[in-house]
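Worksheet for the structure shown next.
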Amino acid sequence: MTRSSFVSRSFKHWSLLPGVLLLAALTLYPLANLVRMSVSTIEFAEGSEIWRFTPRANLAQLLADDVLRPALVNTLVFVVVSVAAEMIIGLALAIAVAGLVRGKQWVRTAMILPILVPPVAIGSMWKLMYNYDFGIFNQTLTALGLAPVNWLGSTSLALTSVIVVDIWHWVPFVFLILFAAVEGLPTDLLEAARVDGATRWQVVWRIMIPLLRPAIIVAFLFRTILAFKVFDEVYLLTSGGPGTATELVNLHLYKVFFEQNQLGYGALLSLAVIAAIVAFLVTARHVSVAVRAQ
Amino acid sequence: MKLRHAGVPDSARVPRAARGGWMGRTLVALALFAVIGPFLWILTASFKQQIAIYAGQFPFAPTLANYAEVLFGRRSDFVGNIGNSLAVASISTLAVLVVGSLAAYSLHRFRWPVWVSAGFLGWTLAFHMVPVLTLLGPWYIAFRELGLYDTRAALVLTHVTVNLPMTVWLMSAFLREIPPEVEEAARVDGCTPLQAFLRVVLPLAVPGLIAAGILAFIFSWNEFPIALTLTSRQTATVPVAVARFAQQYETQHAQMAAASIISTIPAVLLMLLGQRFIVRGLMMGSVK
């Protein structure tokens with residue numbers, strides 16, 4: 001058997017092999033290692049690792065972690081508020097842009113930009129704009145004779161400020177998905193409704209939005225899952241502060257792992273996060289199956 | 001769901017029923033202002049002296065000093081950071097295109113048992129949804145043990161892994177659009193599966209490769225948390241450097257603005273050159 005015929009005959013297997021190996025080495029193995037780490041205390045001494053078996057101590061730490069609760073609450077608020085706002089604004093914008101007679105392409109081009117630029121750059125941008133002394137918002141307020149606001153430094157406002165950045169970042173994504181869906185709606189149906197005397201609002205509420213439901217569900221699920229992954233902008237804007245006002249689960253994870261160097265406890269937290277997300281996915285799947293079956 | 005309008009033709013037939021009124025146009029204008037305004041603000045800030053930023057001066061005397069300081073300042077490694085980012089993003093993009101399109105083709109063309117195909121696709125999807133922060137701890141330990149901590153190789157490997165789900169799903173979607181008769185014909189003409197893949201399927205899947213390639217490159221260029229934890233000064237990428245300007249004891253606002261603007265250049269270029277592919281990629285990745 002020549003080499004080339006061997007390559008083609010086993011092509012089925014070796015074509016999938018690199019992907020499988022990569023996933024095994026960099027997702028499956030680390031996941032297994034997380035389990036081992038989660039019951040251990042790992043310390044670095046003179047360049048070597050020292051592992052000790054301390055399942056109880058790690059669990060006790062989880063129960064005694066008083067940053068975890070605010071982090072969970074903030075993450076939940078962050079996800080619910082930002083995704084809800086992104087869906088509403090994105091949908092309104094998709095319908096509005098689809099109604100333009102010209103210039104659609106320009107709007108779409110502009111809208112892609114926030115999705116593509118580095119989140120870190122978005123964080124810096126808003127850090128400048130939110131700046132207490134010379135940011136654009138406080139400049140405007142003082143020009144209007146109003147008192148400046150401490151956008152990122154006040155415990156009551158910081159989370160809202162951070163959510164606004166996420167909305168700014170991700171409305172375009174919802175817009176893109178829903179805009180494509182709106183453009184794909186059957187035009188004769190909309191025309192017929194108008195001929196029958198429906199107002200513009202009625203067309204939007206009674207015809208467009210019900211027809212857009214599948215796309216809305218997809219955009220919603222995607223945004224919800226991605227919103228849980230937020231890290232970069234918040235790390236730059238507030239790093240979780242002031243206090244725990246903008247502490248999110250991901251920021252907490254990062255700090256436990258790489259600022260407090262608690263690899264064992266961090267692994268336990270990671271497993272908890274993964275379990276929570278798997279639970280969410282399973283529920284979301286059941287819900288979306290139920291909704292579609294309606 | 002298919003994208004019927006890959007490029008939206010201007011002044012397309014917009015049905016009267018769907019045409020927006022003044023409220024719609026106001027909303028669009030506000031949204032455009034909200035999206036573009038911050039970019040213009042940071043762009044102007046990057047050309048201001050630090051002192052002009054603090055004073056909120058407008059108009060101001062434009063200066064390139066911030067860019068010069070970011071790129072060639074004595075304490076700056078930004079040119080090195082750009083080199084690292086370019087190397088990691090291009091190598092990991094090439095690698096993920098090879099690995100991802102091979103895997104997508106294998107699952108698409110050959111009869112795998114369901115547990116293999118569903119398992120592979122399901123696992124990539126699940127991995128895509130879990131925050132990467134959860135795996136950083138084990139990655140850190142593994143790369144230390146392998147002696148790959150603080151190397152560009154570690155970044156390439158992790159970026160390929162992170163981009164693999166998107167690439168496989170995107171390429172699968174594109175492969176499904178190639179009519180099976182094309183491959184049949186190649187087979188009849190005596191092509192082996194490998195030859196059919198290389199000479200017939202891949203050329204037809206070029207739009208998919210471009211879409212996946214652009215997105216993978218941008219994700220890798222933008223990626224922050226992995227680079228933050230697996231690199232130090234020598235191997236740091238652009239996002240890590242930008243974050244340093246923002247995180248230092250005293251934030252250097254003018255330089256942070258200039259570094260941010262530089263970091264957005266690839267995204268802007270790729271958006272202008274490959275918008276068609278990007279939109280198609282983002283759509284297929286999410287809608288399919």
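If you're wondering about the labels, chains in the structure tokens are A, B, ... by order shown, residues count from 1 in each chain, ligands from 1 in order shown.
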Self-check item: Residues near A:Ala98, cut-off 7 Å, only C-alpha atoms, skip fewer than 2 positions along chain, as number ranges by chain
Solution: A: 94-96, 100, 179, 182-183
Practice problem: Find the residues of chain A in contact range of chain B, meaning any atom within 7 Å when counting only C-alpha atoms, and list them as a PyMOL selection string. | Solution: chain A and resi 8+11-12+15-16+18-19+22-23+26+30+33-34+93+96-97+99-105+116-121+124-125+134+177+180+184+187+190-191+194+200+218+225+229+232+236+250+253-254+257+263+267+270+274+277
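Closest approach to B:Asn81 among B:Ala236, B:Leu97, B:Leu273, B:Val182 is made by B:Ala236 (distances from only C-alpha atoms).
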Quiz item: If you run DSSP on the backbone, which residues of stretch 48-247 of chain B are helix (DSSP H, G or I), as an MDAnalysis selection string?
Solution: chainID B and resid 50:55 65:72 78:109 114:129 133:145 152:176 180:188 193:204 206:222 225:230 233:235 238:247
Practice problem: Using only C-alpha atoms, determine which residues lie at most 12 Å from A:Leu251, disregarding the query and same-chain residues fewer than 5 positions distant; provide the list as a VMD selection string. | Solution: (chain A and resid 67 to 68 70 to 72 74 to 75 228 to 241 244 to 246 256 to 259 266 269 to 270) or (chain B and resid 131 to 134 225)
Quiz item: What are the DSSP strand (DSSP E or B) residues of stretch 25-96 of chain A, as a PyMOL selection string?
Solution: chain A and resi 40-45+48-53
Quiz item: Hey, can you check how far atom CA of B:Lys48 sits from atom CA of B:Phe60?
Solution: 6.9 Å
Practice problem: Mind checking which residues fall within 9 Å of A:Pro148, counting only C-alpha atoms, ignoring those fewer than 2 positions away in the same chain, and posting them as a ChimeraX atom specification? | Solution: /A:132-133,137-142,146,150-151
Practice problem: Would you list the contacts of A:Val291 as a PyMOL selection string, taking every protein, DNA or RNA residue within 12 Å and counting only C-alpha atoms, but skipping same-chain residues closer than 6 positions in sequence? | Solution: chain A and resi 213-214+217+284-285
Output C-alpha atoms for every residue in the selection just made, as a short mmCIF file (atom, residue, chain, number, x, y, z; two decimals), in the first residue's frame.
data_model
loop_
_atom_site.label_atom_id
_atom_site.label_comp_id
_atom_site.auth_asym_id
_atom_site.auth_seq_id
_atom_site.Cartn_x
_atom_site.Cartn_y
_atom_site.Cartn_z
CA ARG A 213 -40.19 35.31 17.22
CA PRO A 214 -37.72 32.57 16.17
CA ILE A 217 -35.39 33.72 20.68
CA ALA A 284 -33.19 27.02 28.14
CA ARG A 285 -33.39 24.05 25.80
#
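Each of B:Gly37, B:Ala61, B:Thr235, B:Val206 was checked against B:Asp150 using only C-alpha atoms; the smallest atom-to-atom distance is that of B:Thr235.
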Practice problem: Could you check how far atom CA of A:Asn261 sits from atom CA of B:Ala154, in Å to one decimal? | Solution: 20.1 Å
Quiz item: Distance atom CA of B:Thr237-atom CA of B:Asn84, one decimal place?
Solution: 5.6 Å
Quiz item: So which residues touch B:Thr93 within 7 Å, counting only C-alpha atoms, skipping near sequence neighbours fewer than 4 positions away, as a list in words?
Solution: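 Answer for this query is Ala89, Leu97, Gly213, Ala216 and Phe217 of chain B.
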Grab the residues selected above and save them as an mmCIF file, in the first residue's frame with N, CA and C atoms.
data_model
loop_
_atom_site.group_PDB
_atom_site.id
_atom_site.type_symbol
_atom_site.label_atom_id
_atom_site.label_comp_id
_atom_site.auth_asym_id
_atom_site.auth_seq_id
_atom_site.Cartn_x
_atom_site.Cartn_y
_atom_site.Cartn_z
ATOM 1 N N ALA B 89 -2.162 35.973 16.300
ATOM 2 C CA ALA B 89 -3.448 35.982 15.594
ATOM 3 C C ALA B 89 -3.320 35.301 14.239
ATOM 4 N N LEU B 97 -8.177 27.279 10.947
ATOM 5 C CA LEU B 97 -8.844 27.030 9.667
ATOM 6 C C LEU B 97 -8.549 25.606 9.194
ATOM 7 N N GLY B 213 -12.041 32.917 8.918
ATOM 8 C CA GLY B 213 -10.700 33.449 9.123
ATOM 9 C C GLY B 213 -10.717 34.855 9.693
ATOM 10 N N ALA B 216 -11.931 34.646 13.314
ATOM 11 C CA ALA B 216 -10.927 34.040 14.195
ATOM 12 C C ALA B 216 -9.784 35.015 14.444
ATOM 13 N N PHE B 217 -9.356 35.704 13.386
ATOM 14 C CA PHE B 217 -8.258 36.663 13.537
ATOM 15 C C PHE B 217 -8.646 37.756 14.527
#
